[in-house]
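Below is upload.txt, which holds compact mmCIF, C-alpha atoms.
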```txt
# COMPACT_ATOMS: atom_id res chain seq x y z
CA MET U 214 23.97 2.15 14.96
CA LYS U 215 23.54 5.00 12.53
CA VAL U 216 20.68 4.07 10.19
CA ILE U 217 19.45 5.95 7.13
CA VAL U 218 15.89 5.30 5.96
CA LEU U 219 15.24 6.27 2.35
CA GLY U 220 11.65 7.45 1.87
CA ALA U 221 9.20 9.32 4.12
CA GLY U 222 6.01 7.58 3.11
CA ILE U 223 4.01 5.40 5.48
CA VAL U 224 6.52 2.52 5.26
CA GLY U 225 9.59 4.71 5.72
CA VAL U 226 8.18 6.68 8.65
CA THR U 227 6.95 3.61 10.54
CA SER U 228 10.36 2.00 9.95
CA ALA U 229 12.16 5.07 11.29
CA TYR U 230 9.96 5.20 14.38
CA GLN U 231 10.56 1.53 15.15
CA LEU U 232 14.31 1.79 14.57
CA ALA U 233 14.50 4.80 16.90
CA LYS U 234 12.59 2.84 19.55
CA SER U 235 15.22 0.12 19.18
CA GLY U 236 17.90 2.63 20.11
CA HIS U 237 19.35 3.52 16.72
CA GLU U 238 20.37 6.96 15.47
CA VAL U 239 18.02 7.44 12.52
CA THR U 240 17.90 9.86 9.60
CA VAL U 241 15.07 9.80 7.02
CA VAL U 242 15.77 11.17 3.54
CA ASP U 243 13.03 12.22 1.12
CA ARG U 244 12.85 14.47 -1.94
CA GLN U 245 9.49 15.95 -0.90
CA LYS U 246 9.04 18.83 1.54
CA GLY U 247 7.28 16.65 4.13
CA PRO U 248 6.08 13.12 4.91
CA ALA U 249 3.50 11.14 2.93
CA LEU U 250 3.33 13.42 -0.11
CA GLU U 251 3.44 10.73 -2.79
CA THR U 252 1.75 7.29 -2.73
CA SER U 253 0.71 7.65 0.93
CA PHE U 254 -1.02 11.00 0.38
CA ALA U 255 -4.56 10.08 -0.70
CA ASN U 256 -4.84 6.30 -0.84
CA ALA U 257 -8.11 4.45 -0.39
CA GLY U 258 -7.97 4.67 3.42
CA GLU U 259 -8.28 0.90 3.93
CA VAL U 260 -6.35 -0.94 6.61
CA SER U 261 -7.25 -4.34 5.21
CA PHE U 262 -5.99 -7.09 7.48
CA GLY U 263 -8.60 -9.54 6.18
CA TYR U 264 -9.26 -8.19 2.68
CA CYS U 265 -5.68 -8.92 1.72
CA SER U 266 -5.06 -10.85 -1.49
CA PRO U 267 -2.46 -10.99 -4.25
CA TRP U 268 -3.61 -9.62 -7.57
CA ALA U 269 -2.06 -12.64 -9.25
CA ALA U 270 -4.82 -15.20 -8.89
CA PRO U 271 -6.39 -18.05 -10.87
CA GLY U 272 -8.62 -16.68 -13.59
CA ILE U 273 -7.04 -13.22 -13.60
CA PRO U 274 -5.56 -13.50 -17.14
CA ALA U 275 -9.04 -14.20 -18.58
CA LYS U 276 -10.59 -11.44 -16.46
CA ALA U 277 -7.87 -9.02 -17.54
CA MET U 278 -8.74 -9.54 -21.20
CA LYS U 279 -12.37 -8.75 -20.40
CA TRP U 280 -11.49 -5.70 -18.30
CA LEU U 281 -9.46 -4.17 -21.12
CA PHE U 282 -12.66 -3.71 -23.11
CA MET U 283 -14.85 -2.37 -20.28
CA LYS U 284 -15.83 1.29 -20.16
CA HIS U 285 -15.19 1.45 -16.41
CA ALA U 286 -12.31 -0.98 -16.28
CA PRO U 287 -10.47 -1.85 -13.07
CA LEU U 288 -7.35 -2.59 -15.14
CA ILE U 289 -5.79 -0.24 -17.68
CA LEU U 290 -2.76 -1.36 -19.68
CA ARG U 291 -0.63 1.06 -21.66
CA PRO U 292 2.05 -1.24 -23.13
CA LYS U 293 5.43 0.19 -24.07
CA LEU U 294 8.90 -1.04 -24.92
CA ASP U 295 9.90 -1.33 -21.30
CA MET U 296 11.72 -4.53 -20.39
CA ALA U 297 11.01 -4.02 -16.68
CA MET U 298 7.26 -3.81 -17.41
CA LEU U 299 7.28 -6.89 -19.64
CA ALA U 300 9.36 -8.94 -17.19
CA TRP U 301 7.10 -7.93 -14.29
CA MET U 302 3.95 -8.87 -16.21
CA ALA U 303 5.41 -12.24 -17.18
CA ARG U 304 6.28 -12.97 -13.56
CA MET U 305 2.84 -11.91 -12.40
CA LEU U 306 1.19 -14.26 -14.90
CA SER U 307 3.37 -17.12 -13.63
CA ASN U 308 1.88 -16.52 -10.16
CA CYS U 309 -1.71 -16.89 -11.40
CA THR U 310 -2.01 -20.53 -10.31
CA SER U 311 -3.93 -22.01 -7.40
CA GLU U 312 -0.72 -23.24 -5.76
CA ARG U 313 1.08 -19.88 -5.99
CA TYR U 314 -2.03 -17.98 -4.95
CA ALA U 315 -2.36 -20.03 -1.77
CA ILE U 316 1.31 -19.52 -0.85
CA ASN U 317 1.30 -15.79 -1.58
CA LYS U 318 -1.99 -15.10 0.18
CA SER U 319 -0.85 -17.00 3.28
CA ARG U 320 2.32 -14.89 3.44
CA MET U 321 0.33 -11.70 3.04
CA LEU U 322 -2.27 -12.65 5.66
CA GLN U 323 0.44 -13.53 8.18
CA LEU U 324 2.13 -10.15 7.76
CA ALA U 325 -1.20 -8.30 7.73
CA ASP U 326 -2.35 -9.94 10.97
CA TYR U 327 1.00 -9.16 12.58
CA SER U 328 0.50 -5.54 11.48
CA ARG U 329 -3.00 -5.51 13.01
CA ILE U 330 -1.52 -6.28 16.41
CA ALA U 331 1.36 -3.84 15.92
CA LEU U 332 -0.96 -1.00 14.87
CA ALA U 333 -3.22 -1.50 17.89
CA GLU U 334 -0.23 -1.37 20.22
CA LEU U 335 1.18 1.69 18.44
CA ARG U 336 -2.15 3.47 18.71
CA THR U 337 -2.27 2.79 22.45
CA GLU U 338 1.35 3.81 22.89
CA THR U 339 1.15 7.11 20.99
CA GLY U 340 -2.51 8.18 21.16
CA ILE U 341 -2.39 9.11 17.47
CA ALA U 342 -5.73 10.11 15.90
CA TYR U 343 -6.25 9.84 12.13
CA ASP U 344 -10.02 9.59 11.45
CA GLU U 345 -9.75 5.91 12.39
CA ARG U 346 -12.67 3.47 12.46
CA MET U 347 -12.71 -0.23 13.39
CA GLN U 348 -15.82 -1.46 11.58
CA GLY U 349 -14.42 -3.81 8.96
CA THR U 350 -14.41 -4.09 5.18
CA LEU U 351 -17.42 -5.24 3.20
CA GLN U 352 -16.47 -6.80 -0.13
CA LEU U 353 -19.65 -6.19 -2.11
CA PHE U 354 -20.84 -8.56 -4.84
CA ARG U 355 -23.24 -7.41 -7.54
CA THR U 356 -23.57 -10.88 -9.14
CA GLN U 357 -23.98 -14.44 -7.91
CA GLN U 358 -20.89 -15.39 -9.89
CA GLN U 359 -18.80 -12.97 -7.81
CA LEU U 360 -20.25 -14.34 -4.59
CA ASP U 361 -19.50 -17.92 -5.63
CA ALA U 362 -15.95 -16.99 -6.67
CA SER U 363 -15.24 -15.63 -3.17
CA ALA U 364 -15.04 -19.23 -1.91
CA LYS U 365 -11.27 -19.32 -2.53
CA ASP U 366 -10.81 -16.25 -0.33
CA VAL U 367 -13.05 -17.70 2.37
CA LYS U 368 -10.94 -20.86 2.33
CA ALA U 369 -7.71 -18.89 2.77
CA LEU U 370 -9.19 -16.75 5.56
CA ALA U 371 -10.39 -19.84 7.40
CA ALA U 372 -7.03 -21.57 7.01
CA ASP U 373 -5.21 -18.63 8.60
CA GLY U 374 -7.78 -18.06 11.34
CA ILE U 375 -8.87 -14.64 10.04
CA PRO U 376 -12.47 -13.76 11.09
CA TYR U 377 -14.98 -13.38 8.25
CA GLU U 378 -18.70 -13.50 7.57
CA VAL U 379 -20.47 -14.30 4.30
CA LEU U 380 -23.55 -12.07 4.02
CA ASP U 381 -26.71 -12.06 1.95
CA ARG U 382 -28.31 -8.83 0.71
CA ASP U 383 -29.98 -8.06 4.05
CA GLY U 384 -26.77 -8.78 5.91
CA CYS U 385 -24.91 -6.25 3.77
CA ILE U 386 -27.54 -3.61 4.55
CA ARG U 387 -27.27 -4.41 8.25
CA VAL U 388 -23.55 -3.65 8.11
CA GLU U 389 -23.85 -0.68 5.73
CA PRO U 390 -27.36 0.83 6.16
CA ALA U 391 -26.97 3.31 3.28
CA LEU U 392 -27.03 0.36 0.85
CA LYS U 393 -30.79 0.07 1.44
CA HIS U 394 -31.22 2.67 -1.28
CA VAL U 395 -29.63 0.31 -3.85
CA ARG U 396 -30.57 -3.12 -2.47
CA ASP U 397 -31.53 -4.46 -5.91
CA LYS U 398 -27.99 -3.87 -7.19
CA ILE U 399 -26.31 -6.28 -4.76
CA VAL U 400 -26.57 -10.01 -4.05
CA GLY U 401 -24.27 -10.39 -1.05
CA GLY U 402 -20.89 -9.70 0.44
CA LEU U 403 -17.90 -10.90 2.41
CA LEU U 404 -17.26 -9.04 5.68
CA THR U 405 -13.82 -9.01 7.31
CA PRO U 406 -14.69 -7.39 10.65
CA LYS U 407 -11.13 -6.86 11.92
CA ASP U 408 -10.31 -4.46 9.10
CA GLU U 409 -9.96 -0.77 9.89
CA THR U 410 -10.02 2.55 8.07
CA GLY U 411 -8.13 5.78 8.48
CA ASP U 412 -6.37 8.70 6.83
CA CYS U 413 -2.87 7.50 5.95
CA PHE U 414 -1.59 11.06 5.41
CA LYS U 415 -2.75 12.15 8.86
CA PHE U 416 -1.31 9.04 10.49
CA THR U 417 2.08 9.35 8.79
CA ASN U 418 2.47 13.02 9.70
CA ALA U 419 1.47 12.39 13.31
CA LEU U 420 3.90 9.46 13.60
CA ALA U 421 6.69 11.51 11.99
CA ALA U 422 6.25 14.05 14.80
CA LYS U 423 6.48 11.24 17.37
CA ALA U 424 9.62 9.96 15.62
CA GLU U 425 11.21 13.41 15.76
CA ALA U 426 10.52 13.46 19.49
CA LEU U 427 12.56 10.23 19.71
CA GLY U 428 15.47 11.92 17.93
CA VAL U 429 14.82 10.95 14.30
CA ARG U 430 16.14 13.55 11.86
CA PHE U 431 14.19 14.19 8.66
CA ALA U 432 16.14 15.47 5.65
CA TYR U 433 13.35 16.72 3.38
CA GLY U 434 13.90 18.33 -0.01
CA THR U 435 16.82 15.98 -0.55
CA THR U 436 17.47 13.97 -3.72
CA ILE U 437 18.97 10.51 -3.28
CA ARG U 438 21.66 10.24 -5.94
CA ALA U 439 23.15 6.81 -5.19
CA LEU U 440 24.08 4.29 -2.56
CA ASP U 441 27.61 4.48 -1.22
CA VAL U 442 28.91 0.90 -1.35
CA GLU U 443 32.47 -0.31 -0.82
CA ALA U 444 33.78 -3.88 -0.65
CA GLY U 445 30.30 -5.36 -0.52
CA ARG U 446 29.12 -3.18 2.40
CA VAL U 447 26.94 -0.11 2.38
CA ARG U 448 28.62 2.96 3.83
CA GLY U 449 25.74 5.40 3.38
CA VAL U 450 24.13 7.38 0.59
CA ILE U 451 25.06 10.23 -1.71
CA THR U 452 22.43 12.98 -1.69
CA ALA U 453 21.83 16.48 -2.99
CA ARG U 454 19.95 19.22 -1.15
CA HIS U 455 17.57 21.63 -2.87
CA ARG U 456 17.66 25.32 -2.14
CA ASP U 457 14.44 27.31 -2.43
CA GLY U 458 13.91 28.02 -6.12
CA ASP U 459 16.97 25.99 -7.12
CA ARG U 460 16.14 22.65 -8.71
CA ASP U 461 19.71 21.76 -9.72
CA PRO U 462 20.44 18.70 -7.57
CA ASP U 463 24.18 18.92 -8.23
CA ARG U 464 24.58 22.19 -6.35
CA GLU U 465 24.82 20.75 -2.84
CA ARG U 466 26.01 17.15 -3.00
CA GLU U 467 26.52 15.42 0.32
CA GLN U 468 27.79 12.02 1.44
CA MET U 469 25.74 10.76 4.39
CA SER U 470 27.41 7.95 6.28
CA ALA U 471 25.60 5.09 8.02
CA ASP U 472 26.08 1.61 9.41
CA ALA U 473 22.85 0.45 7.76
CA VAL U 474 20.49 1.75 5.07
CA VAL U 475 16.81 0.83 4.69
CA VAL U 476 15.35 1.37 1.22
CA ALA U 477 11.66 2.30 1.50
CA LEU U 478 11.29 4.18 -1.79
CA GLY U 479 8.26 2.33 -3.11
CA SER U 480 8.19 2.14 -6.90
CA TYR U 481 11.54 3.91 -7.18
CA SER U 482 13.45 1.32 -5.14
CA PRO U 483 14.53 -0.82 -8.15
CA LEU U 484 16.10 2.20 -9.88
CA LEU U 485 18.41 2.81 -6.93
CA LEU U 486 19.37 -0.86 -6.58
CA LYS U 487 19.93 -1.78 -10.23
CA PRO U 488 23.53 -0.45 -10.49
CA PHE U 489 24.51 -2.87 -7.72
CA GLY U 490 23.11 -5.97 -9.41
CA ILE U 491 20.06 -6.26 -7.16
CA ARG U 492 17.14 -7.05 -9.43
CA LEU U 493 14.04 -6.11 -7.48
CA PRO U 494 10.84 -6.99 -9.39
CA VAL U 495 8.83 -4.02 -8.18
CA TYR U 496 6.91 -2.02 -10.79
CA PRO U 497 4.63 1.03 -10.45
CA VAL U 498 0.92 0.37 -10.83
CA LYS U 499 -0.98 3.64 -10.76
CA GLY U 500 -4.09 4.06 -8.67
CA TYR U 501 -6.55 6.94 -8.48
CA SER U 502 -8.74 8.44 -5.80
CA LEU U 503 -11.45 11.00 -5.17
CA THR U 504 -12.02 12.72 -1.84
CA ILE U 505 -15.62 13.89 -1.49
CA PRO U 506 -17.14 15.95 1.35
CA ILE U 507 -20.13 14.22 3.02
CA THR U 508 -23.35 16.19 2.60
CA ASP U 509 -25.77 13.50 3.85
CA ALA U 510 -24.38 11.02 6.38
CA SER U 511 -27.37 8.69 5.92
CA ARG U 512 -26.21 8.05 2.34
CA ALA U 513 -22.54 7.53 3.18
CA PRO U 514 -20.69 4.33 4.08
CA GLU U 515 -19.94 3.53 7.72
CA SER U 516 -16.57 1.94 6.95
CA THR U 517 -15.13 0.55 3.69
CA VAL U 518 -17.20 -0.95 0.90
CA MET U 519 -15.16 -2.71 -1.78
CA ASP U 520 -17.07 -2.68 -5.07
CA GLU U 521 -15.93 -6.02 -6.48
CA THR U 522 -17.12 -5.23 -10.01
CA TYR U 523 -14.85 -2.23 -10.44
CA LYS U 524 -12.27 -3.08 -7.73
CA ILE U 525 -12.94 0.28 -6.09
CA ALA U 526 -12.92 0.99 -2.35
CA ILE U 527 -15.37 3.53 -0.92
CA THR U 528 -14.25 4.55 2.57
CA ARG U 529 -15.55 6.82 5.31
CA LEU U 530 -12.85 9.19 6.60
CA GLY U 531 -14.39 11.53 9.14
CA ASP U 532 -16.50 14.04 7.23
CA ARG U 533 -15.19 12.83 3.86
CA ILE U 534 -15.53 9.85 1.56
CA ARG U 535 -12.39 8.49 -0.09
CA VAL U 536 -13.00 6.57 -3.33
CA GLY U 537 -9.91 4.74 -4.52
CA GLY U 538 -8.94 2.04 -6.94
CA MET U 539 -8.04 0.91 -10.44
CA ALA U 540 -4.74 -0.46 -11.65
CA GLU U 541 -3.05 1.32 -14.52
CA ILE U 542 0.15 -0.20 -15.83
CA SER U 543 1.79 2.67 -17.68
CA GLY U 544 5.23 3.14 -16.14
CA TYR U 545 6.34 6.12 -14.11
CA THR U 546 3.57 8.46 -15.22
CA ASN U 547 1.37 10.42 -12.86
CA ASP U 548 -1.10 12.16 -15.14
CA LEU U 549 -4.78 12.46 -14.16
CA GLY U 550 -7.04 10.98 -16.83
CA LEU U 551 -10.63 12.17 -16.87
CA ALA U 552 -11.80 8.68 -17.87
CA ARG U 553 -10.40 7.35 -14.58
CA ARG U 554 -12.27 10.01 -12.64
CA SER U 555 -15.43 8.97 -14.45
CA THR U 556 -15.00 5.37 -13.24
CA LEU U 557 -14.57 6.45 -9.61
CA GLU U 558 -17.61 8.72 -9.83
CA HIS U 559 -19.67 5.94 -11.43
CA SER U 560 -18.92 3.44 -8.66
CA VAL U 561 -19.59 5.77 -5.73
CA THR U 562 -22.74 7.38 -7.15
CA ASP U 563 -24.13 4.00 -8.19
CA LEU U 564 -23.84 2.56 -4.67
CA PHE U 565 -24.18 5.75 -2.61
CA PRO U 566 -26.28 8.17 -4.68
CA GLY U 567 -26.77 11.72 -3.49
CA GLY U 568 -23.19 12.88 -2.96
CA ASP U 569 -21.81 15.93 -4.75
CA VAL U 570 -18.86 14.60 -6.76
CA SER U 571 -18.34 18.01 -8.35
CA LYS U 572 -16.66 19.07 -5.09
CA ALA U 573 -14.25 16.12 -5.06
CA SER U 574 -10.48 16.41 -5.24
CA PHE U 575 -8.83 14.05 -7.75
CA TRP U 576 -5.45 12.36 -7.17
CA SER U 577 -3.21 9.58 -8.44
CA GLY U 578 -0.26 7.69 -6.97
CA LEU U 579 2.18 4.96 -7.98
CA ARG U 580 1.80 1.74 -6.01
CA PRO U 581 4.95 -0.41 -5.76
CA MET U 582 3.76 -3.85 -6.84
CA THR U 583 5.60 -7.16 -6.74
CA PRO U 584 4.52 -9.90 -9.17
CA ASP U 585 3.49 -12.19 -6.29
CA GLY U 586 1.77 -9.50 -4.22
CA THR U 587 4.02 -9.97 -1.19
CA PRO U 588 6.28 -7.08 -0.13
CA VAL U 589 10.06 -7.37 -0.03
CA ILE U 590 11.38 -7.03 3.51
CA GLY U 591 14.84 -8.02 4.65
CA PRO U 592 18.56 -8.04 3.90
CA THR U 593 20.29 -7.96 0.52
CA LYS U 594 23.60 -9.33 -0.75
CA ILE U 595 25.17 -5.99 0.27
CA LYS U 596 25.95 -6.02 3.98
CA GLY U 597 24.02 -3.41 5.92
CA LEU U 598 21.54 -2.77 3.10
CA PHE U 599 17.92 -3.70 3.84
CA LEU U 600 14.68 -3.43 1.84
CA ASN U 601 11.19 -2.55 3.04
CA THR U 602 9.23 -1.98 -0.14
CA GLY U 603 6.87 -3.52 -2.71
CA HIS U 604 3.70 -3.37 -0.60
CA GLY U 605 1.47 -2.49 -3.55
CA THR U 606 -1.97 -1.40 -2.40
CA LEU U 607 -1.28 -2.60 1.16
CA GLY U 608 1.46 -0.30 2.41
CA TRP U 609 -0.91 1.32 4.92
CA THR U 610 -2.16 -2.12 6.01
CA MET U 611 1.25 -3.78 6.42
CA SER U 612 3.36 -0.80 7.49
CA THR U 613 3.50 -1.34 11.27
CA GLY U 614 4.26 -5.06 11.03
CA SER U 615 6.84 -4.43 8.31
CA ALA U 616 8.48 -1.79 10.51
CA ARG U 617 8.78 -4.23 13.40
CA LEU U 618 10.36 -6.81 11.11
CA ILE U 619 12.89 -4.39 9.67
CA GLY U 620 13.65 -3.10 13.17
CA ASP U 621 14.47 -6.62 14.34
CA LEU U 622 16.46 -7.51 11.22
CA VAL U 623 18.59 -4.36 11.32
CA SER U 624 19.18 -4.85 15.06
CA GLY U 625 20.17 -8.49 14.60
CA ALA U 626 17.22 -9.70 16.69
CA LYS U 627 15.01 -12.68 15.86
CA PRO U 628 11.73 -11.47 14.28
CA GLU U 629 8.46 -12.46 15.94
CA ILE U 630 7.21 -13.98 12.67
CA ASP U 631 9.09 -15.90 9.98
CA ALA U 632 10.48 -13.32 7.55
CA ARG U 633 12.70 -15.55 5.43
CA ASP U 634 10.22 -15.78 2.55
CA LEU U 635 9.85 -11.99 2.43
CA ALA U 636 13.44 -11.17 1.43
CA VAL U 637 14.47 -10.36 -2.16
CA SER U 638 16.36 -13.67 -2.26
CA ARG U 639 13.04 -15.47 -2.85
CA TYR U 640 13.24 -14.34 -6.49
CA GLY U 641 16.53 -16.13 -7.04
```

Starting from the file, give its structure as structure tokens.
Amino acid sequence: MKVIVLGAGIVGVTSAYQLAKSGHEVTVVDRQKGPALETSFANAGEVSFGYCSPWAAPGIPAKAMKWLFMKHAPLILRPKLDMAMLAWMARMLSNCTSERYAINKSRMLQLADYSRIALAELRTETGIAYDERMQGTLQLFRTQQQLDASAKDVKALAADGIPYEVLDRDGCIRVEPALKHVRDKIVGGLLTPKDETGDCFKFTNALAAKAEALGVRFAYGTTIRALDVEAGRVRGVITARHRDGDRDPDREREQMSADAVVVALGSYSPLLLKPFGIRLPVYPVKGYSLTIPITDASRAPESTVMDETYKIAITRLGDRIRVGGMAEISGYTNDLGLARRSTLEHSVTDLFPGGDVSKASFWSGLRPMTPDGTPVIGPTKIKGLFLNTGHGTLGWTMSTGSARLIGDLVSGAKPEIDARDLAVSRYG
């Protein structure tokens, strides 16, 4: 079949690669000049198969009220008269129950573990290198209350057979020796040893090259104007090419035909689907990151340390440290606030003092969040139209498993894991 994949981020590129392996003729369309230049560009670097939880959890509404008044808040809310924002927030709050949390986390863990296996096989198959490390994630607790509250995550990990280890202060230092310099600031941690780290941008670009070798065509610098739908079936997409120096997208309109279309546009997916009556509850939640050169390896993390207090991940990527986190609900804005940089700098210098944050590069990206935390993968009411989006902060983590699922679903094959609860139909 001829398949068009919309989006050249980590999810779109892994989908294209898998579809090409399945024998399809694949074209990837993206408005940027290359792969992974938006949300996949400078994410936190975590591949978090074990540290994988929905944001909607019991107690989050009360915590959110507290966070709004913190100087270094993990959550920033800029309310506006945006019905999509308000509806998404209402749905997220409805998922903040113990029952919904258990269901959503189980779905996420199943997909994440499937992705762990798929990524390992892909790495062996392709030989791709991307500053990868396989040393786990350490969720770091500064207070006893945080350590006690981790019991619900431990219960979910145990139920799904995901390896974990609850650590005291000395155990944390054993895993991350540089924490010995700040031992009095921590009380314990939760280690998920199967987690990995790596540079998502490097990985996506390397895999795009492998996909091209399989025959995948990449149409960069191309605006996606609309889906081409007739009689309840997708026929392709309507696009517009950019010439150098010409930003008028109406100059070179083109109708690209296909037997199937996979929407992997992250936060922008709902905007494309809305005219066709597909209400996809995905909303952009902005995250920020710093990338800092390592000047003293003895004071740098070995893998990923998740600072539970500020919800910030501090990750080793080769000769750099990636510091990423925060959740800003402000719509489709991509400005760089200095207050957000201050929070990232505070977390990393507090736990790993000695680095030169003045040399850091500062970035932000829009994460496509669903209200229940689980991505949307599967068919729609339009024949031939499939979704692979809404991965939130876990696109890098879930990309390879999601790609296998979408490859099977487009091909009409039975997926290796149950994907019925991942489709958009779960929202009614």

Notebook entry, point to check: What lies within 7 Å of segment 491-505 of chain U using only C-alpha atoms, ignoring chain neighbours under 6 positions off, as a ChimeraX atom specification?
Noted result: /U:255-257,298,301,480,483,533-542,544-545,570,572-584,603,637

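Within 12 Å of the file-frame point (-8.9, -12.7, 13.4), and using all atoms listed in the file, the polymer residues found are Ser261, Phe262, Gly263, Tyr264, Leu322, Gln323, Ala325, Asp326, Tyr327, Ser328, Arg329, Ile330, Gly349, Leu370, Ala371, Ala372, Asp373, Gly374, Ile375, Pro376, Tyr377, Glu378, Leu404, Thr405, Pro406, Lys407 and Asp408 of chain U.
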
Item checked: Best match for closeness to Gly490 of chain U among U:Ser363, U:Thr562, U:Ser307, U:Thr593, counting all atoms listed in the file -> U:Thr593

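Each of U:Ser311, U:Gly247, U:Gly236, U:Leu219 was checked against Ala421 of chain U using all atoms listed in the file; the smallest atom-to-atom distance is that of U:Gly247.
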
Checklist line | Å distance separating atom CA of Ile451 of chain U from atom CA of Arg244 of chain U, one decimal place | finding: 12.9 Å

Notebook entry, point to check: Between U:Pro488, U:Pro287, U:Gly402, U:Gly225, which has the minimum distance to Arg553 of chain U (counting all atoms listed in the file)?
Noted result: U:Pro287

Note to self: Report as a PyMOL selection string all protein, DNA and RNA residues lying within 12 Å of segment 425-435 of chain U, evaluated on all atoms listed in the file, omitting residues in the same chain fewer than 6 positions from it.
What the structure shows: chain U and resi 215-222+225-250+339+418-419+450-469
